[in-house]
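Novice: My structure is in target.cif, and what it holds is mmCIF, C-alpha atoms, pLDDT in the B column; chains and numbers go by the auth columns:
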data_model
loop_
_atom_site.group_PDB
_atom_site.id
_atom_site.type_symbol
_atom_site.label_atom_id
_atom_site.label_comp_id
_atom_site.label_asym_id
_atom_site.label_seq_id
_atom_site.Cartn_x
_atom_site.Cartn_y
_atom_site.Cartn_z
_atom_site.B_iso_or_equiv
_atom_site.auth_seq_id
_atom_site.auth_asym_id
ATOM 1 C CA MET A 1 -21.037 43.534 -68.081 54.00 1 N
ATOM 2 C CA GLN A 2 -20.395 47.260 -68.211 58.00 2 N
ATOM 3 C CA THR A 3 -19.602 48.829 -71.598 62.00 3 N
ATOM 4 C CA GLY A 4 -16.032 50.089 -71.883 61.00 4 N
ATOM 5 C CA ALA A 5 -14.917 48.304 -68.716 57.00 5 N
ATOM 6 C CA ASN A 6 -12.383 46.151 -70.614 65.00 6 N
ATOM 7 C CA ILE A 7 -13.330 43.149 -68.451 61.00 7 N
ATOM 8 C CA THR A 8 -12.406 39.538 -69.215 73.00 8 N
ATOM 9 C CA LEU A 9 -14.714 36.988 -67.601 65.00 9 N
ATOM 10 C CA ASP A 10 -13.211 33.484 -67.279 65.00 10 N
ATOM 11 C CA VAL A 11 -15.583 30.534 -66.786 70.00 11 N
ATOM 12 C CA THR A 12 -13.609 27.366 -66.095 71.00 12 N
ATOM 13 C CA GLU A 13 -16.611 25.030 -65.694 73.00 13 N
ATOM 14 C CA ASN A 14 -20.054 24.753 -67.279 75.00 14 N
ATOM 15 C CA ILE A 15 -22.419 27.704 -67.344 73.00 15 N
ATOM 16 C CA THR A 16 -26.196 27.175 -67.460 75.00 16 N
ATOM 17 C CA GLY A 17 -29.277 29.059 -66.367 73.00 17 N
ATOM 18 C CA ASN A 18 -32.296 31.135 -67.284 78.00 18 N
ATOM 19 C CA GLY A 19 -30.730 34.565 -66.822 71.00 19 N
ATOM 20 C CA THR A 20 -29.210 36.948 -69.348 73.00 20 N
ATOM 21 C CA LEU A 21 -25.503 37.457 -70.021 74.00 21 N
ATOM 22 C CA LEU A 22 -24.921 40.793 -71.742 74.00 22 N
ATOM 23 C CA LEU A 23 -21.275 40.890 -72.786 75.00 23 N
ATOM 24 C CA ASN A 24 -21.176 44.357 -74.386 75.00 24 N
ATOM 25 C CA ASP A 25 -17.630 45.136 -75.639 79.00 25 N
ATOM 26 C CA ASN A 26 -15.901 42.864 -73.108 79.00 26 N
ATOM 27 C CA THR A 27 -14.286 39.402 -73.414 85.00 27 N
ATOM 28 C CA PHE A 28 -15.679 36.061 -72.273 79.00 28 N
ATOM 29 C CA VAL A 29 -13.368 33.020 -71.932 87.00 29 N
ATOM 30 C CA LEU A 30 -15.288 29.737 -71.740 84.00 30 N
ATOM 31 C CA ARG A 31 -13.487 26.456 -70.953 85.00 31 N
ATOM 32 C CA GLY A 32 -16.561 24.338 -70.217 80.00 32 N
ATOM 33 C CA ASN A 33 -19.978 23.871 -71.801 80.00 33 N
ATOM 34 C CA SER A 34 -22.581 26.571 -72.204 76.00 34 N
ATOM 35 C CA ASN A 35 -26.351 26.392 -72.136 74.00 35 N
ATOM 36 C CA LEU A 36 -27.555 29.794 -70.966 72.00 36 N
ATOM 37 C CA GLU A 37 -31.074 30.835 -71.869 71.00 37 N
ATOM 38 C CA ASN A 38 -30.128 34.289 -73.200 75.00 38 N
ATOM 39 C CA ILE A 39 -26.663 35.432 -74.266 76.00 39 N
ATOM 40 C CA ASP A 40 -25.885 38.696 -76.045 78.00 40 N
ATOM 41 C CA ALA A 41 -22.289 38.670 -77.245 81.00 41 N
ATOM 42 C CA SER A 42 -23.018 40.695 -80.389 82.00 42 N
ATOM 43 C CA ASP A 43 -20.596 43.439 -79.275 84.00 43 N
ATOM 44 C CA GLY A 44 -18.011 41.284 -77.487 85.00 44 N
ATOM 45 C CA THR A 45 -15.313 38.688 -78.004 90.00 45 N
ATOM 46 C CA VAL A 46 -15.778 35.065 -76.979 90.00 46 N
ATOM 47 C CA ILE A 47 -12.786 32.747 -76.537 91.00 47 N
ATOM 48 C CA PHE A 48 -13.695 29.062 -76.495 91.00 48 N
ATOM 49 C CA GLY A 49 -11.018 27.004 -74.726 92.00 49 N
ATOM 50 C CA ILE A 50 -8.068 28.731 -73.135 91.00 50 N
ATOM 51 C CA ARG A 51 -6.632 32.219 -73.418 89.00 51 N
ATOM 52 C CA LEU A 52 -4.111 32.706 -76.220 91.00 52 N
ATOM 53 C CA ASP A 53 -1.262 33.324 -73.755 91.00 53 N
ATOM 54 C CA GLU A 54 -1.949 30.078 -71.825 91.00 54 N
ATOM 55 C CA ASN A 55 -0.350 26.667 -72.412 93.00 55 N
ATOM 56 C CA PHE A 56 -2.370 23.532 -73.212 93.00 56 N
ATOM 57 C CA ALA A 57 -0.001 21.520 -70.970 93.00 57 N
ATOM 58 C CA ASP A 58 -1.530 23.387 -68.010 93.00 58 N
ATOM 59 C CA TYR A 59 -5.011 22.099 -68.968 90.00 59 N
ATOM 60 C CA PRO A 60 -4.692 18.312 -69.434 91.00 60 N
ATOM 61 C CA ASP A 61 -8.421 17.752 -68.738 89.00 61 N
ATOM 62 C CA LEU A 62 -9.642 20.101 -71.486 90.00 62 N
ATOM 63 C CA GLN A 63 -12.508 18.416 -73.357 92.00 63 N
ATOM 64 C CA GLN A 64 -14.637 19.104 -76.408 93.00 64 N
ATOM 65 C CA GLN A 65 -17.046 21.905 -75.572 90.00 65 N
ATOM 66 C CA GLN A 66 -20.801 21.646 -76.197 89.00 66 N
ATOM 67 C CA VAL A 67 -22.155 25.149 -76.793 86.00 67 N
ATOM 68 C CA SER A 68 -25.696 26.361 -77.381 82.00 68 N
ATOM 69 C CA ASN A 69 -27.353 29.794 -77.494 80.00 69 N
ATOM 70 C CA PHE A 70 -24.151 31.577 -78.585 78.00 70 N
ATOM 71 C CA THR A 71 -25.734 32.648 -81.860 84.00 71 N
ATOM 72 C CA GLU A 72 -24.338 36.167 -82.392 87.00 72 N
ATOM 73 C CA MET A 73 -20.840 37.376 -81.557 89.00 73 N
ATOM 74 C CA GLN A 74 -18.668 40.298 -82.593 91.00 74 N
ATOM 75 C CA ASN A 75 -15.500 38.161 -82.547 93.00 75 N
ATOM 76 C CA ALA A 76 -14.882 34.515 -81.703 94.00 76 N
ATOM 77 C CA ILE A 77 -11.658 32.588 -81.112 95.00 77 N
ATOM 78 C CA ILE A 78 -11.544 28.787 -81.073 96.00 78 N
ATOM 79 C CA ASN A 79 -8.583 27.749 -78.916 96.00 79 N
ATOM 80 C CA ASN A 80 -9.498 24.252 -77.763 95.00 80 N
ATOM 81 C CA THR A 81 -7.517 21.365 -79.277 95.00 81 N
ATOM 82 C CA GLU A 82 -10.434 19.013 -78.484 95.00 82 N
ATOM 83 C CA GLY A 83 -12.894 21.183 -80.416 95.00 83 N
ATOM 84 C CA VAL A 84 -16.024 23.250 -79.908 94.00 84 N
ATOM 85 C CA ARG A 85 -19.375 21.830 -81.045 93.00 85 N
ATOM 86 C CA THR A 86 -22.309 24.175 -81.583 91.00 86 N
ATOM 87 C CA PHE A 87 -25.994 23.337 -81.824 89.00 87 N
ATOM 88 C CA ASP A 88 -27.263 26.626 -83.289 88.00 88 N
ATOM 89 C CA ASP A 89 -26.694 28.870 -86.294 91.00 89 N
ATOM 90 C CA ILE A 90 -23.667 31.110 -85.695 92.00 90 N
ATOM 91 C CA ILE A 91 -23.384 34.731 -86.859 91.00 91 N
ATOM 92 C CA ILE A 92 -20.074 36.489 -86.298 94.00 92 N
ATOM 93 C CA SER A 93 -20.018 40.094 -87.452 94.00 93 N
ATOM 94 C CA GLY A 94 -16.267 40.586 -87.008 95.00 94 N
ATOM 95 C CA ASP A 95 -13.479 37.992 -86.952 96.00 95 N
ATOM 96 C CA LEU A 96 -13.557 34.240 -86.442 96.00 96 N
ATOM 97 C CA THR A 97 -10.114 32.925 -85.529 96.00 97 N
ATOM 98 C CA LEU A 98 -9.601 29.161 -85.629 96.00 98 N
ATOM 99 C CA GLN A 99 -6.483 29.185 -83.452 96.00 99 N
ATOM 100 C CA ASN A 100 -6.362 25.549 -82.267 96.00 100 N
ATOM 101 C CA GLY A 101 -8.879 22.748 -82.754 96.00 101 N
ATOM 102 C CA PRO A 102 -12.036 22.381 -84.820 96.00 102 N
ATOM 103 C CA LEU A 103 -15.224 24.410 -84.769 95.00 103 N
ATOM 104 C CA ILE A 104 -17.924 21.769 -85.330 94.00 104 N
ATOM 105 C CA LEU A 105 -21.332 22.857 -86.649 93.00 105 N
ATOM 106 C CA SER A 106 -24.121 20.357 -86.042 88.00 106 N
ATOM 107 C CA SER A 107 -26.258 19.142 -88.914 86.00 107 N
ATOM 108 C CA GLY A 108 -28.765 21.693 -90.156 85.00 108 N
ATOM 109 C CA ASN A 109 -26.886 24.699 -88.772 89.00 109 N
ATOM 110 C CA SER A 110 -25.132 27.518 -90.620 89.00 110 N
ATOM 111 C CA LEU A 111 -22.142 29.792 -90.077 91.00 111 N
ATOM 112 C CA ILE A 112 -21.928 33.403 -91.233 90.00 112 N
ATOM 113 C CA ALA A 113 -18.549 35.051 -90.653 93.00 113 N
ATOM 114 C CA PRO A 114 -17.052 37.677 -92.988 93.00 114 N
ATOM 115 C CA ASN A 115 -13.458 37.166 -91.799 94.00 115 N
ATOM 116 C CA ILE A 116 -12.154 33.687 -90.980 95.00 116 N
ATOM 117 C CA SER A 117 -8.518 33.108 -90.017 95.00 117 N
ATOM 118 C CA TYR A 118 -7.168 29.552 -89.974 95.00 118 N
ATOM 119 C CA VAL A 119 -4.108 29.281 -87.710 95.00 119 N
ATOM 120 C CA ASN A 120 -4.008 25.668 -86.433 95.00 120 N
ATOM 121 C CA GLY A 121 -7.767 25.168 -86.384 95.00 121 N
ATOM 122 C CA THR A 122 -10.336 23.706 -88.731 94.00 122 N
ATOM 123 C CA LEU A 123 -13.985 24.105 -89.595 92.00 123 N
ATOM 124 C CA ARG A 124 -16.100 20.931 -89.598 89.00 124 N
ATOM 125 C CA MET A 125 -19.722 20.827 -90.730 85.00 125 N
ATOM 126 C CA LEU A 126 -21.670 17.711 -89.752 80.00 126 N
ATOM 127 C CA ARG A 127 -24.509 16.516 -91.974 75.00 127 N
ATOM 128 C CA ASN A 128 -26.964 13.746 -91.134 76.00 128 N
ATOM 129 C CA ILE A 129 -28.151 11.561 -93.995 73.00 129 N
ATOM 130 C CA ASN A 130 -31.444 9.716 -93.789 72.00 130 N
ATOM 131 C CA ALA A 131 -30.827 5.967 -93.482 72.00 131 N
ATOM 132 C CA SER A 132 -33.809 4.896 -95.585 78.00 132 N
ATOM 133 C CA ARG A 133 -33.178 3.043 -98.852 79.00 133 N
ATOM 134 C CA GLY A 134 -32.644 5.042 -102.016 77.00 134 N
ATOM 135 C CA TRP A 135 -30.228 7.379 -103.754 76.00 135 N
ATOM 136 C CA ARG A 136 -28.748 10.534 -102.212 70.00 136 N
ATOM 137 C CA MET A 137 -27.025 13.455 -103.916 71.00 137 N
ATOM 138 C CA ILE A 138 -24.326 14.924 -101.696 71.00 138 N
ATOM 139 C CA SER A 139 -22.214 18.037 -102.227 71.00 139 N
ATOM 140 C CA ALA A 140 -19.887 20.191 -100.188 68.00 140 N
ATOM 141 C CA PRO A 141 -21.232 23.464 -98.765 64.00 141 N
ATOM 142 C CA SER A 142 -20.380 26.423 -100.962 63.00 142 N
ATOM 143 C CA ALA A 143 -20.556 30.193 -100.790 59.00 143 N
ATOM 144 C CA LYS A 144 -20.640 32.891 -103.402 56.00 144 N
#
Could you show the structure in this file as structure tokens?
Specialist:
Amino acid sequence: MQTGANITLDVTENITGNGTLLLNDNTFVLRGNSNLENIDASDGTVIFGIRLDENFADYPDLQQQQVSNFTEMQNAIINNTEGVRTFDDIIISGDLTLQNGPLILSSGNSLIAPNISYVNGTLRMLRNINASRGWRMISAPSAK
């Protein structure tokens, strides 16, 4: 997408493929699942779910989103009451806004975001524990 165009791209279904999506400084609204081969949103804003000025009553079929390959974003907004589950490490250089619903990080993945705002959303980190017999030491993730 062209730099400085102030474009908002809305994708209401799933988006997959082998091409490249270069967001630049524009906005991408994703309501479905994502599995694109190459996404560069490092200068743009990604809204998962619905736009902030939309009503959830207008989207009764909204489901939990399964997102992969969105690893770097300038800004991200989680606005899906059913949640957004990621399968990669996430690096957000600007703001992460948890507007509505959980951001779910799969086991073994990390989140780096300098500014996190909790409105009505949550952050959930899944961890798999080996089922073999023996003792396990478990602790909550921490940051300095």
Novice: Expanded to explicit residues, what is the PyMOL selection byres ((chain N and resi 128-134) around 9) for this file, as an MDAnalysis selection string?
Specialist: chainID N and resid 106:108 126:127 135:136
Novice: Which residues would end up in the selection if the PyMOL selection byres ((chain N and resi 30-45) around 10) were applied here, given that I need the answer as a ChimeraX atom specification?
Specialist: /N:3,8-29,46-51,59,62-77,79-80,84-86,91-96
Novice: As a list in words, please: the residues near region 123-125 of chain N (cut-off 10 Å, only C-alpha atoms, same-chain neighbours under 3 positions excluded).
Specialist: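 Near region 123-125 of chain N, the qualifying residues are Gly83, Val84, Arg85, Leu98, Gly101, Pro102, Leu103, Ile104, Leu105, Ser106, Ser107, Gly108, Asn109, Ser110, Leu111, Ile116, Tyr118, Ala140 and Pro141 of chain N.
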Novice: In Å, with one decimal, what is the gap from CA of Gln99 (chain N) to CA of Ile78 (chain N)?
Specialist: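 Interatomic distance here is 5.6 Å.
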Novice: Quick one, how far is CA of Leu52 (chain N) from CA of Val119 (chain N)?
Specialist: 12.0 Å
Novice: In Å to one decimal, how far is CA of Gly121 (chain N) from CA of Asp53 (chain N)?
Specialist: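 Separation of CA of Asp53 (chain N) and CA of Gly121 (chain N): 16.4 Å.
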Novice: Measuring between all atoms listed in the file, which one of N:Thr81, N:Ser139, N:Asn55, N:Asp61 shows the shortest distance to Asn100 (chain N)?
Specialist: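 So, comparing all the options, the nearest one is N:Thr81.
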Novice: Considering all atoms listed in the file, can you say which of N:Ala57, N:Thr97, N:Met137, N:Asp89 comes closest to Thr122 (chain N)?
Specialist: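 Of the candidates, the smallest distance to Thr122 (chain N) is held by N:Thr97.
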Novice: Could region 130-141 of chain N be completed with all heavy atoms and written as a PDB file, in the coordinates of the input, please?
Specialist:
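What landed in part-v3.pdb:
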ATOM      1  N   ASN N 130     -30.368  10.641 -94.094  1.00 72.00           N
ATOM      2  CA  ASN N 130     -31.444   9.716 -93.789  1.00 72.00           C
ATOM      3  C   ASN N 130     -31.022   8.294 -94.155  1.00 72.00           C
ATOM      4  O   ASN N 130     -30.489   8.050 -95.232  1.00 72.00           O
ATOM      5  CB  ASN N 130     -32.695  10.129 -94.565  1.00 72.00           C
ATOM      6  CG  ASN N 130     -33.906   9.343 -94.146  1.00 72.00           C
ATOM      7  OD1 ASN N 130     -33.820   8.201 -93.721  1.00 72.00           O
ATOM      8  ND2 ASN N 130     -35.056   9.976 -94.268  1.00 72.00           N
ATOM      9  N   ALA N 131     -31.279   7.334 -93.283  1.00 72.00           N
ATOM     10  CA  ALA N 131     -30.827   5.967 -93.482  1.00 72.00           C
ATOM     11  C   ALA N 131     -31.794   5.117 -94.305  1.00 72.00           C
ATOM     12  O   ALA N 131     -31.551   3.939 -94.505  1.00 72.00           O
ATOM     13  CB  ALA N 131     -30.590   5.301 -92.124  1.00 72.00           C
ATOM     14  N   SER N 132     -32.880   5.688 -94.792  1.00 78.00           N
ATOM     15  CA  SER N 132     -33.809   4.896 -95.585  1.00 78.00           C
ATOM     16  C   SER N 132     -33.189   4.544 -96.943  1.00 78.00           C
ATOM     17  O   SER N 132     -32.262   5.198 -97.403  1.00 78.00           O
ATOM     18  CB  SER N 132     -35.130   5.645 -95.775  1.00 78.00           C
ATOM     19  OG  SER N 132     -34.905   6.818 -96.522  1.00 78.00           O
ATOM     20  N   ARG N 133     -33.725   3.502 -97.576  1.00 79.00           N
ATOM     21  CA  ARG N 133     -33.178   3.043 -98.852  1.00 79.00           C
ATOM     22  C   ARG N 133     -33.416   4.074 -99.937  1.00 79.00           C
ATOM     23  O   ARG N 133     -34.415   4.780 -99.943  1.00 79.00           O
ATOM     24  CB  ARG N 133     -33.824   1.726 -99.227  1.00 79.00           C
ATOM     25  CG  ARG N 133     -33.455   0.632 -98.251  1.00 79.00           C
ATOM     26  CD  ARG N 133     -34.025  -0.650 -98.702  1.00 79.00           C
ATOM     27  NE  ARG N 133     -33.391  -0.997 -99.974  1.00 79.00           N
ATOM     28  CZ  ARG N 133     -33.330  -2.208-100.461  1.00 79.00           C
ATOM     29  NH1 ARG N 133     -33.876  -3.188 -99.812  1.00 79.00           N
ATOM     30  NH2 ARG N 133     -32.740  -2.439-101.602  1.00 79.00           N
ATOM     31  N   GLY N 134     -32.497   4.144-100.878  1.00 77.00           N
ATOM     32  CA  GLY N 134     -32.644   5.042-102.016  1.00 77.00           C
ATOM     33  C   GLY N 134     -31.348   5.773-102.306  1.00 77.00           C
ATOM     34  O   GLY N 134     -30.341   5.599-101.633  1.00 77.00           O
ATOM     35  N   TRP N 135     -31.388   6.610-103.328  1.00 76.00           N
ATOM     36  CA  TRP N 135     -30.228   7.379-103.754  1.00 76.00           C
ATOM     37  C   TRP N 135     -30.169   8.704-103.022  1.00 76.00           C
ATOM     38  O   TRP N 135     -31.186   9.273-102.663  1.00 76.00           O
ATOM     39  CB  TRP N 135     -30.283   7.632-105.268  1.00 76.00           C
ATOM     40  CG  TRP N 135     -30.104   6.388-106.052  1.00 76.00           C
ATOM     41  CD1 TRP N 135     -31.081   5.564-106.536  1.00 76.00           C
ATOM     42  CD2 TRP N 135     -28.861   5.812-106.427  1.00 76.00           C
ATOM     43  NE1 TRP N 135     -30.535   4.498-107.191  1.00 76.00           N
ATOM     44  CE2 TRP N 135     -29.158   4.631-107.152  1.00 76.00           C
ATOM     45  CE3 TRP N 135     -27.528   6.142-106.232  1.00 76.00           C
ATOM     46  CZ2 TRP N 135     -28.179   3.800-107.653  1.00 76.00           C
ATOM     47  CZ3 TRP N 135     -26.565   5.337-106.765  1.00 76.00           C
ATOM     48  CH2 TRP N 135     -26.883   4.180-107.460  1.00 76.00           C
ATOM     49  N   ARG N 136     -28.960   9.221-102.830  1.00 70.00           N
ATOM     50  CA  ARG N 136     -28.748  10.534-102.212  1.00 70.00           C
ATOM     51  C   ARG N 136     -27.736  11.314-103.068  1.00 70.00           C
ATOM     52  O   ARG N 136     -26.745  10.754-103.512  1.00 70.00           O
ATOM     53  CB  ARG N 136     -28.145  10.429-100.798  1.00 70.00           C
ATOM     54  CG  ARG N 136     -28.898   9.533 -99.850  1.00 70.00           C
ATOM     55  CD  ARG N 136     -30.202  10.193 -99.379  1.00 70.00           C
ATOM     56  NE  ARG N 136     -30.896   9.365 -98.430  1.00 70.00           N
ATOM     57  CZ  ARG N 136     -31.756   8.421 -98.734  1.00 70.00           C
ATOM     58  NH1 ARG N 136     -32.024   8.158 -99.980  1.00 70.00           N
ATOM     59  NH2 ARG N 136     -32.371   7.730 -97.814  1.00 70.00           N
ATOM     60  N   MET N 137     -28.008  12.586-103.274  1.00 71.00           N
ATOM     61  CA  MET N 137     -27.025  13.455-103.916  1.00 71.00           C
ATOM     62  C   MET N 137     -26.373  14.275-102.811  1.00 71.00           C
ATOM     63  O   MET N 137     -27.061  14.931-102.047  1.00 71.00           O
ATOM     64  CB  MET N 137     -27.698  14.359-104.958  1.00 71.00           C
ATOM     65  CG  MET N 137     -28.218  13.599-106.137  1.00 71.00           C
ATOM     66  SD  MET N 137     -28.679  14.710-107.465  1.00 71.00           S
ATOM     67  CE  MET N 137     -27.072  15.204-108.031  1.00 71.00           C
ATOM     68  N   ILE N 138     -25.066  14.254-102.755  1.00 71.00           N
ATOM     69  CA  ILE N 138     -24.326  14.924-101.696  1.00 71.00           C
ATOM     70  C   ILE N 138     -23.328  15.879-102.331  1.00 71.00           C
ATOM     71  O   ILE N 138     -22.655  15.552-103.305  1.00 71.00           O
ATOM     72  CB  ILE N 138     -23.585  13.892-100.817  1.00 71.00           C
ATOM     73  CG1 ILE N 138     -24.590  12.900-100.217  1.00 71.00           C
ATOM     74  CG2 ILE N 138     -22.795  14.586 -99.729  1.00 71.00           C
ATOM     75  CD1 ILE N 138     -23.939  11.744 -99.514  1.00 71.00           C
ATOM     76  N   SER N 139     -23.216  17.083-101.751  1.00 71.00           N
ATOM     77  CA  SER N 139     -22.214  18.037-102.227  1.00 71.00           C
ATOM     78  C   SER N 139     -21.656  18.792-101.036  1.00 71.00           C
ATOM     79  O   SER N 139     -22.251  18.842 -99.970  1.00 71.00           O
ATOM     80  CB  SER N 139     -22.819  19.009-103.234  1.00 71.00           C
ATOM     81  OG  SER N 139     -23.688  19.897-102.594  1.00 71.00           O
ATOM     82  N   ALA N 140     -20.518  19.382-101.234  1.00 68.00           N
ATOM     83  CA  ALA N 140     -19.887  20.191-100.188  1.00 68.00           C
ATOM     84  C   ALA N 140     -20.601  21.532-100.091  1.00 68.00           C
ATOM     85  O   ALA N 140     -21.130  22.031-101.087  1.00 68.00           O
ATOM     86  CB  ALA N 140     -18.417  20.399-100.520  1.00 68.00           C
ATOM     87  N   PRO N 141     -20.639  22.132 -98.889  1.00 64.00           N
ATOM     88  CA  PRO N 141     -21.232  23.464 -98.765  1.00 64.00           C
ATOM     89  C   PRO N 141     -20.415  24.468 -99.572  1.00 64.00           C
ATOM     90  O   PRO N 141     -19.190  24.347 -99.676  1.00 64.00           O
ATOM     91  CB  PRO N 141     -21.167  23.770 -97.275  1.00 64.00           C
ATOM     92  CG  PRO N 141     -20.390  22.681 -96.657  1.00 64.00           C
ATOM     93  CD  PRO N 141     -20.145  21.604 -97.645  1.00 64.00           C
TER      94      PRO N 141
END
